[in-house]
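Undergrad: The structure file query.txt (compact mmCIF, C-alpha atoms and all ligand atoms) is provided below.
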# COMPACT_ATOMS: atom_id res chain seq x y z
CA MET N 1 0.00 0.00 0.00
CA THR N 2 2.81 2.39 0.75
CA ASP N 3 5.82 3.04 -1.43
CA THR N 4 8.10 3.94 1.46
CA PRO N 5 9.22 0.91 3.45
CA ASP N 6 8.36 1.07 7.12
CA THR N 7 11.00 -1.45 7.99
CA LEU N 8 14.63 -0.67 7.33
CA PRO N 9 17.00 -3.09 5.61
CA PRO N 10 18.56 -5.42 8.23
CA ASN N 11 22.07 -3.99 8.19
CA GLY N 12 21.37 -0.80 6.30
CA PRO N 13 21.91 2.70 7.59
CA GLN N 14 19.28 3.94 9.99
CA VAL N 15 17.80 6.47 7.62
CA VAL N 16 14.09 6.93 8.09
CA PRO N 17 12.34 8.45 5.08
CA PHE N 18 10.85 11.91 5.37
CA GLU N 19 7.10 12.00 5.65
CA ARG N 20 5.35 14.78 3.78
CA PRO N 21 3.10 17.12 5.74
CA ASN N 22 -0.10 15.92 4.09
CA ALA N 23 0.57 12.38 5.23
CA SER N 24 -0.86 11.11 8.49
CA GLY N 25 -0.24 13.02 11.64
CA ILE N 26 0.61 16.42 10.18
CA SER N 27 -1.93 18.98 9.11
CA ALA N 28 -2.42 19.21 5.38
CA ASN N 29 -2.74 22.96 5.91
CA ALA N 30 0.79 23.13 7.22
CA THR N 31 2.19 24.53 4.01
CA PRO N 32 3.95 27.83 3.60
CA GLY N 33 1.89 30.46 1.84
CA ALA N 34 -0.94 31.33 4.20
CA GLY N 35 -0.23 33.67 7.09
CA PRO N 36 3.07 35.49 7.48
CA ARG N 37 5.84 35.38 4.92
CA VAL N 38 8.51 33.06 6.27
CA ILE N 39 12.07 33.95 5.31
CA ALA N 40 14.95 31.70 6.33
CA ILE N 41 18.24 33.55 6.77
CA ALA N 42 20.75 30.92 5.82
CA ASN N 43 24.35 30.39 4.85
CA GLN N 44 26.37 27.48 6.15
CA LYS N 45 29.44 29.73 6.34
CA GLY N 46 29.99 31.08 9.82
CA GLY N 47 30.18 34.74 10.73
CA VAL N 48 28.76 36.16 7.50
CA GLY N 49 26.07 38.30 9.13
CA LYS N 50 23.05 35.97 9.40
CA THR N 51 22.17 36.89 12.96
CA THR N 52 22.99 40.57 12.49
CA THR N 53 20.67 40.57 9.48
CA ALA N 54 17.90 38.71 11.34
CA ILE N 55 17.96 41.19 14.22
CA ASN N 56 18.34 44.37 12.22
CA LEU N 57 16.18 43.50 9.24
CA GLY N 58 13.52 42.34 11.71
CA THR N 59 13.76 45.66 13.56
CA ALA N 60 13.71 47.67 10.34
CA LEU N 61 10.64 45.79 9.05
CA ALA N 62 8.89 46.40 12.38
CA ALA N 63 9.85 50.08 12.23
CA ILE N 64 8.12 50.46 8.88
CA GLY N 65 4.91 48.85 10.04
CA GLU N 66 5.33 45.09 9.72
CA HIS N 67 4.68 42.66 12.58
CA VAL N 68 7.75 40.47 12.85
CA LEU N 69 8.66 37.25 14.61
CA ILE N 70 12.32 36.27 14.73
CA VAL N 71 12.76 32.54 15.31
CA ASP N 72 16.18 31.84 16.78
CA LEU N 73 17.04 28.44 15.39
CA ASP N 74 20.73 28.55 16.27
CA PRO N 75 21.87 26.78 19.47
CA GLN N 76 24.39 29.64 19.90
CA GLY N 77 21.39 31.84 20.70
CA ASN N 78 23.05 34.98 19.34
CA ALA N 79 19.81 36.48 18.06
CA SER N 80 18.27 36.03 21.51
CA THR N 81 21.27 37.60 23.26
CA GLY N 82 21.54 40.38 20.68
CA LEU N 83 17.93 41.31 21.37
CA GLY N 84 18.65 41.53 25.08
CA ILE N 85 16.81 38.35 26.10
CA GLU N 86 18.63 36.92 29.13
CA HIS N 87 19.02 33.16 29.51
CA GLN N 88 16.64 33.05 32.48
CA SER N 89 13.90 34.63 30.34
CA ARG N 90 14.10 31.80 27.78
CA ARG N 91 11.64 29.62 29.65
CA THR N 92 10.16 28.06 26.53
CA SER N 93 12.61 27.84 23.67
CA THR N 94 12.76 26.71 20.07
CA TYR N 95 14.20 23.43 21.39
CA ASP N 96 10.91 22.77 23.21
CA VAL N 97 9.03 23.66 20.04
CA MET N 98 11.13 21.52 17.69
CA THR N 99 10.94 18.51 19.99
CA GLY N 100 7.16 18.87 20.15
CA GLN N 101 7.05 19.72 23.85
CA ALA N 102 5.50 23.17 23.38
CA PRO N 103 3.60 25.07 20.71
CA MET N 104 5.44 27.95 19.00
CA ARG N 105 3.18 30.55 20.59
CA ASP N 106 4.42 29.52 24.05
CA ALA N 107 7.97 30.41 23.03
CA VAL N 108 7.05 33.81 21.57
CA ILE N 109 8.10 36.75 23.74
CA PRO N 110 8.00 40.48 23.07
CA THR N 111 11.25 42.42 22.63
CA ALA N 112 12.00 46.04 23.50
CA VAL N 113 11.16 46.91 19.88
CA PRO N 114 7.45 47.48 19.23
CA GLN N 115 5.99 44.92 16.80
CA LEU N 116 9.03 42.68 17.08
CA HIS N 117 8.76 39.34 18.86
CA LEU N 118 11.27 36.56 19.36
CA ALA N 119 11.19 32.81 19.86
CA PRO N 120 14.49 32.34 21.74
CA SER N 121 16.90 29.44 21.55
CA THR N 122 19.08 27.60 24.05
CA MET N 123 22.06 25.27 23.77
CA ASP N 124 19.71 22.26 24.07
CA LEU N 125 18.93 22.76 20.41
CA SER N 126 22.35 21.36 19.48
CA GLY N 127 21.05 17.89 20.44
CA LEU N 128 18.01 18.11 18.16
CA GLU N 129 19.34 15.85 15.44
CA LEU N 130 20.04 13.07 17.94
CA GLU N 131 16.59 13.42 19.45
CA ILE N 132 14.37 13.62 16.39
CA GLY N 133 16.66 12.36 13.63
CA GLN N 134 14.71 9.11 13.35
CA GLN N 135 11.26 10.70 13.27
CA ARG N 136 9.48 10.72 9.95
CA ASP N 137 8.26 14.28 10.37
CA ARG N 138 11.68 15.56 11.46
CA ALA N 139 12.05 17.99 8.55
CA PHE N 140 8.63 19.56 9.08
CA ARG N 141 8.77 20.43 12.76
CA LEU N 142 9.16 24.15 12.14
CA ARG N 143 6.58 24.26 9.37
CA THR N 144 4.04 22.54 11.56
CA ALA N 145 4.92 24.80 14.51
CA LEU N 146 4.41 27.95 12.42
CA ASN N 147 1.15 26.76 10.95
CA ASN N 148 -1.68 28.94 12.23
CA ILE N 149 0.72 30.97 14.37
CA ASN N 150 -1.60 33.97 14.06
CA ASN N 151 -4.65 32.08 15.27
CA GLY N 152 -5.32 31.42 18.91
CA SER N 153 -4.93 33.36 22.09
CA PRO N 154 -3.23 35.76 22.50
CA ALA N 155 -3.86 36.82 18.90
CA PHE N 156 -0.74 37.55 16.85
CA ASN N 157 -0.76 39.24 13.50
CA PHE N 158 2.71 38.49 12.23
CA THR N 159 3.34 39.51 8.65
CA TYR N 160 6.95 38.30 8.57
CA VAL N 161 8.77 35.44 10.26
CA LEU N 162 12.57 35.58 10.00
CA VAL N 163 14.39 32.37 10.88
CA ASP N 164 17.99 32.74 12.03
CA CYS N 165 19.79 29.55 10.98
CA PRO N 166 22.99 28.04 12.37
CA PRO N 167 26.17 27.92 10.24
CA SER N 168 25.44 24.45 8.91
CA LEU N 169 23.25 22.64 6.41
CA ASN N 170 21.98 20.30 9.11
CA LEU N 171 18.48 19.23 10.10
CA ILE N 172 17.81 22.62 11.72
CA THR N 173 18.53 24.49 8.50
CA VAL N 174 16.55 21.93 6.51
CA ASN N 175 13.60 22.60 8.83
CA ALA N 176 13.95 26.32 8.18
CA MET N 177 14.04 25.75 4.42
CA ALA N 178 11.07 23.38 4.56
CA ALA N 179 9.05 25.99 6.45
CA ALA N 180 10.06 29.02 4.43
CA ASN N 181 8.55 30.78 1.47
CA SER N 182 12.02 31.95 0.60
CA ILE N 183 15.63 32.17 1.64
CA LEU N 184 17.73 35.22 2.25
CA VAL N 185 21.45 34.62 1.99
CA PRO N 186 23.85 37.02 3.70
CA MET N 187 27.25 36.93 2.05
CA GLN N 188 30.33 38.59 3.42
CA CYS N 189 32.32 40.83 1.06
CA GLU N 190 35.49 38.77 1.26
CA PHE N 191 37.61 36.75 -1.11
CA PHE N 192 35.93 33.43 -0.37
CA ALA N 193 32.38 34.82 -0.54
CA LEU N 194 31.20 32.51 -3.33
CA GLU N 195 32.86 29.45 -1.83
CA GLY N 196 30.14 27.19 -0.50
CA LEU N 197 27.37 28.91 -2.44
CA SER N 198 27.00 25.98 -4.84
CA GLN N 199 26.59 23.64 -1.85
CA LEU N 200 23.92 25.93 -0.42
CA LEU N 201 22.09 26.14 -3.77
CA LYS N 202 22.26 22.35 -4.07
CA THR N 203 20.61 21.98 -0.68
CA VAL N 204 17.90 24.44 -1.72
CA GLU N 205 17.26 22.33 -4.83
CA GLU N 206 17.08 19.15 -2.73
CA VAL N 207 14.62 20.77 -0.34
CA LYS N 208 12.54 21.98 -3.27
CA LYS N 209 12.47 18.53 -4.79
CA ASN N 210 11.68 16.60 -1.64
CA LEU N 211 10.10 18.89 0.92
CA ASN N 212 9.01 22.32 -0.28
CA PRO N 213 8.41 22.77 -4.03
CA THR N 214 7.61 26.49 -3.80
CA LEU N 215 10.80 27.50 -1.97
CA SER N 216 12.63 30.36 -3.67
CA ILE N 217 15.73 32.46 -3.12
CA HIS N 218 14.48 35.84 -1.96
CA GLY N 219 17.87 37.42 -2.41
CA ILE N 220 21.50 37.69 -1.51
CA VAL N 221 22.64 40.53 0.70
CA MET N 222 26.28 41.51 0.65
CA THR N 223 27.46 42.33 4.18
CA MET N 224 30.43 44.00 5.90
CA TYR N 225 31.28 46.00 2.81
CA ASP N 226 34.30 48.27 3.14
CA SER N 227 34.49 50.76 0.26
CA ARG N 228 38.19 51.44 0.99
CA ASN N 229 38.95 47.85 0.18
CA ASN N 230 39.37 47.24 -3.57
CA LEU N 231 38.82 43.55 -3.06
CA ALA N 232 35.36 44.20 -1.60
CA ASN N 233 34.33 46.05 -4.78
CA GLN N 234 35.60 43.16 -6.86
CA VAL N 235 33.73 40.62 -4.72
CA VAL N 236 30.44 42.52 -5.04
CA ALA N 237 30.94 42.78 -8.82
CA ASP N 238 31.71 39.03 -9.06
CA VAL N 239 28.68 38.00 -7.00
CA ARG N 240 26.42 40.30 -9.04
CA GLN N 241 27.78 38.82 -12.25
CA PHE N 242 27.25 35.28 -10.98
CA MET N 243 23.86 35.72 -9.28
CA GLY N 244 22.42 38.65 -11.27
CA LYS N 245 19.23 40.25 -10.00
CA GLN N 246 19.11 37.95 -6.98
CA VAL N 247 21.62 40.25 -5.29
CA TYR N 248 19.87 43.12 -3.50
CA ASP N 249 20.84 46.66 -4.51
CA THR N 250 21.38 47.41 -0.83
CA VAL N 251 24.84 46.54 0.44
CA ILE N 252 25.41 46.49 4.21
CA PRO N 253 28.59 48.42 5.08
CA ARG N 254 31.08 47.30 7.68
CA ASN N 255 30.08 49.56 10.53
CA VAL N 256 31.39 49.55 14.08
CA ARG N 257 27.98 50.56 15.49
CA ILE N 258 26.49 47.34 14.04
CA SER N 259 29.09 45.25 15.85
CA GLU N 260 28.77 47.18 19.13
CA ALA N 261 24.97 47.03 19.37
CA PRO N 262 24.57 43.32 20.36
CA SER N 263 26.73 43.75 23.48
CA TYR N 264 24.09 46.24 24.67
CA GLY N 265 21.33 43.78 23.78
CA LYS N 266 20.00 46.19 21.19
CA PRO N 267 19.43 46.21 17.44
CA VAL N 268 21.61 48.83 15.76
CA LEU N 269 18.49 50.84 14.85
CA VAL N 270 17.80 51.29 18.57
CA TYR N 271 21.46 51.76 19.52
CA ASP N 272 22.16 54.41 16.87
CA LEU N 273 19.35 55.11 14.43
CA LYS N 274 21.39 57.58 12.40
CA CYS N 275 24.46 55.46 11.69
CA VAL N 276 25.14 54.11 8.19
CA GLY N 277 24.43 50.55 9.38
CA SER N 278 20.91 51.44 10.51
CA GLU N 279 20.24 53.31 7.29
CA ALA N 280 21.39 50.31 5.27
CA TYR N 281 19.10 47.87 7.10
CA LEU N 282 16.16 50.26 6.62
CA ARG N 283 16.91 50.36 2.89
CA LEU N 284 17.12 46.56 2.82
CA ALA N 285 13.73 46.28 4.54
CA THR N 286 12.18 48.61 1.97
CA GLU N 287 13.73 46.63 -0.86
CA ILE N 288 12.45 43.36 0.58
CA ILE N 289 8.90 44.70 0.86
CA GLN N 290 9.15 45.93 -2.72
CA ARG N 291 10.29 42.47 -3.87
CA GLU N 292 7.44 40.88 -1.97
CA ARG N 293 4.97 43.15 -3.80
CA GLU N 294 6.49 42.16 -7.13
CA LEU N 295 6.31 38.47 -6.19
CA LYS N 296 2.66 38.80 -5.20
CA ALA N 297 1.84 40.69 -8.38
CA GLY N 298 3.37 37.72 -10.24
N1 LIG K 301 27.90 45.12 8.86
C1 LIG K 301 28.69 44.80 9.87
N2 LIG K 301 29.64 45.64 10.32
C2 LIG K 301 30.47 45.30 11.33
N3 LIG K 301 30.41 44.13 11.98
C3 LIG K 301 29.47 43.25 11.59
C4 LIG K 301 28.56 43.53 10.52
N4 LIG K 301 27.75 42.46 10.36
C5 LIG K 301 28.13 41.56 11.28
N5 LIG K 301 29.15 42.02 12.02
C6 LIG K 301 29.85 41.32 13.10
O1 LIG K 301 30.41 40.14 12.56
C7 LIG K 301 30.28 39.06 13.45
C8 LIG K 301 29.50 37.93 12.77
O2 LIG K 301 28.18 38.39 12.51
P1 LIG K 301 26.92 37.46 12.77
O3 LIG K 301 26.97 36.91 14.16
O4 LIG K 301 25.74 38.24 12.39
O5 LIG K 301 27.21 36.32 11.73
P2 LIG K 301 26.50 34.90 11.62
O6 LIG K 301 26.51 34.54 10.17
O7 LIG K 301 25.18 34.91 12.30
O8 LIG K 301 27.49 33.99 12.46
P3 LIG K 301 27.26 32.44 12.85
O9 LIG K 301 27.50 31.69 11.60
O10 LIG K 301 28.28 32.17 13.91
O11 LIG K 301 25.85 32.32 13.35
C9 LIG K 301 29.60 39.60 14.69
O12 LIG K 301 30.57 39.94 15.64
C10 LIG K 301 28.89 40.86 14.18
O13 LIG K 301 28.74 41.84 15.18
MG MG K 302 24.44 33.62 13.80
Can you turn what I pasted into structure tokens?
TA:
Amino acid sequence: MTDTPDTLPPNGPQVVPFERPNASGISANATPGAGPRVIAIANQKGGVGKTTTAINLGTALAAIGEHVLIVDLDPQGNASTGLGIEHQSRRTSTYDVMTGQAPMRDAVIPTAVPQLHLAPSTMDLSGLELEIGQQRDRAFRLRTALNNINNGSPAFNFTYVLVDCPPSLNLITVNAMAAANSILVPMQCEFFALEGLSQLLKTVEEVKKNLNPTLSIHGIVMTMYDSRNNLANQVVADVRQFMGKQVYDTVIPRNVRISEAPSYGKPVLVYDLKCVGSEAYLRLATEIIQRERELKAG
């Protein structure tokens, strides 16, 4: 009756097939599309500006009228710390959500920024793969958790969910990609910027094929740009040549205020609204909303 074997080959690897969300046990409605736009901020390279972009793009979107939820899906918890959420305040975390012990809405807490909420993470999340790696629905935990996030009590009206991914293409990132409408890739303006991109794009294709056919690349944002550095100009030109229109017009400059802000538990827009870093993230937010309008218009 079923084309996926329930029993594994006697000595074969313990790989349990993925189960699609419209199979038993998971709501058929748990598909991206309805409700908020879900954007996964992903790049398996470390330190390229994923978390900085999640925090500051989230703040900028909230500042221009959107209702934003940042889901911290990195065991490092940098998005949670950068938004000033102390460890003792992370009573329900994304670990509890991903392991099925709590609904997403229990993890959602307000931040100091109006219209910006966070689902915090803790180190426990690093054990996720061991805990749920054999479950058939393991790739759809986030998608299921975000389904109907705006319904229920208290009522939320999120228009954007930004998922901060860890520097890896592991099960956590696959969950983010399976739950997302699109992916935003921060890329550092450095010599090795394009290294690893093909691996990332391959994973996106795999996820599209097996888990989430409508997944798209929202865009690539070049980060930590230093105009005094000739190499940075060359890198931006190369990435634009390779990826074309997928690269946002907005480039995020290297800016000391951006790097200082997290140690105060504040987004840069709160720490120093007038600095070039804040201005850049506001421009990026505007560009993203514009792209969303174009996508919706078809
Ligand atoms: N535009 C910028 N200007 C100056 N510093 C920046 C900028 N963007 C990020 N940084 C700094 O670079 C470091 C790495 O940034 P961030 O933590 O956002 O990267 P990440 O991709 O999330 O890292 P990880 O892969 O470890 O999760 C941080 O110290 C951050 O403050
Ligand atoms: Mg990070």
Undergrad: Can I get the residues close to ligand LIG 301 (chain K) as a ChimeraX atom specification, where close means within 9 Å and we count only C-alpha atoms and all ligand atoms?
TA: /N:41-55,74,76-79,164-168,186-188,223-226,252-263,277
Undergrad: Counting only C-alpha atoms, which residues sit no farther than 10 Å from the position (21.8, 51.3, 6.7) in the file's frame? I'd like them as a list of chain:residue names.
TA: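 Those residues, ordered by chain and then number, are N:Asn56, N:Leu57, N:Ala60, N:Thr250, N:Val251, N:Ile252, N:Pro253, N:Asn255, N:Ile258, N:Val268, N:Leu269, N:Leu273, N:Lys274, N:Cys275, N:Val276, N:Gly277, N:Ser278, N:Glu279, N:Ala280, N:Tyr281, N:Leu282, N:Arg283, N:Leu284, N:Ala285.
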Undergrad: From the set N:Val38, N:Leu171, N:Ser216, N:Phe192, which residue has the shortest atom-to-atom contact distance to Val235 in chain N, counting only C-alpha atoms?
TA: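 Going through N:Val38, N:Leu171, N:Ser216, N:Phe192 one by one, the smallest distance to Val235 in chain N is for N:Phe192.
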Undergrad: Provide the CA of Asn148 in chain N to CA of Leu201 in chain N distance in Å, to one decimal place.
TA: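 Result for CA of Asn148 in chain N versus CA of Leu201 in chain N: 28.8 Å, one decimal.
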Undergrad: To one decimal in Å, tell me the separation between CA of Ala102 in chain N and CA of Met177 in chain N.
TA: 21.0 Å
Undergrad: For Ile109 in chain N, please output as a PyMOL selection string all residues within 12 Å (counting all atoms listed in the file; exclusion window: fewer than 4 positions along the same chain).
TA: chain N and resi 68-72+80+83-86+89-94+104-105+113-121+154+156
Undergrad: For CA of Gly82 in chain N and CA of Gly265 in chain N, quote the distance in Å rounded to one decimal.
TA: 4.6 Å
Undergrad: From the set N:Gln241, N:Ser182, N:Asn175, N:Gln290, which residue has the shortest atom-to-atom contact distance to Arg141 in chain N, counting all atoms listed in the file?
TA: N:Asn175
Undergrad: Taking (21.0, 35.9, -9.2) as a centre in this file's frame and 12 Å as the limit, can you find every polymer residue with an atom that close, using all atoms listed in the file, and give them as number ranges by chain?
TA: N: 184-185, 197, 201, 216-221, 238-249
Undergrad: Under the rule that only C-alpha atoms are counted, which of N:Ser153, N:Met123, N:Ala180, N:Gln135 is the nearest residue to Val108 in chain N?
TA: N:Ser153
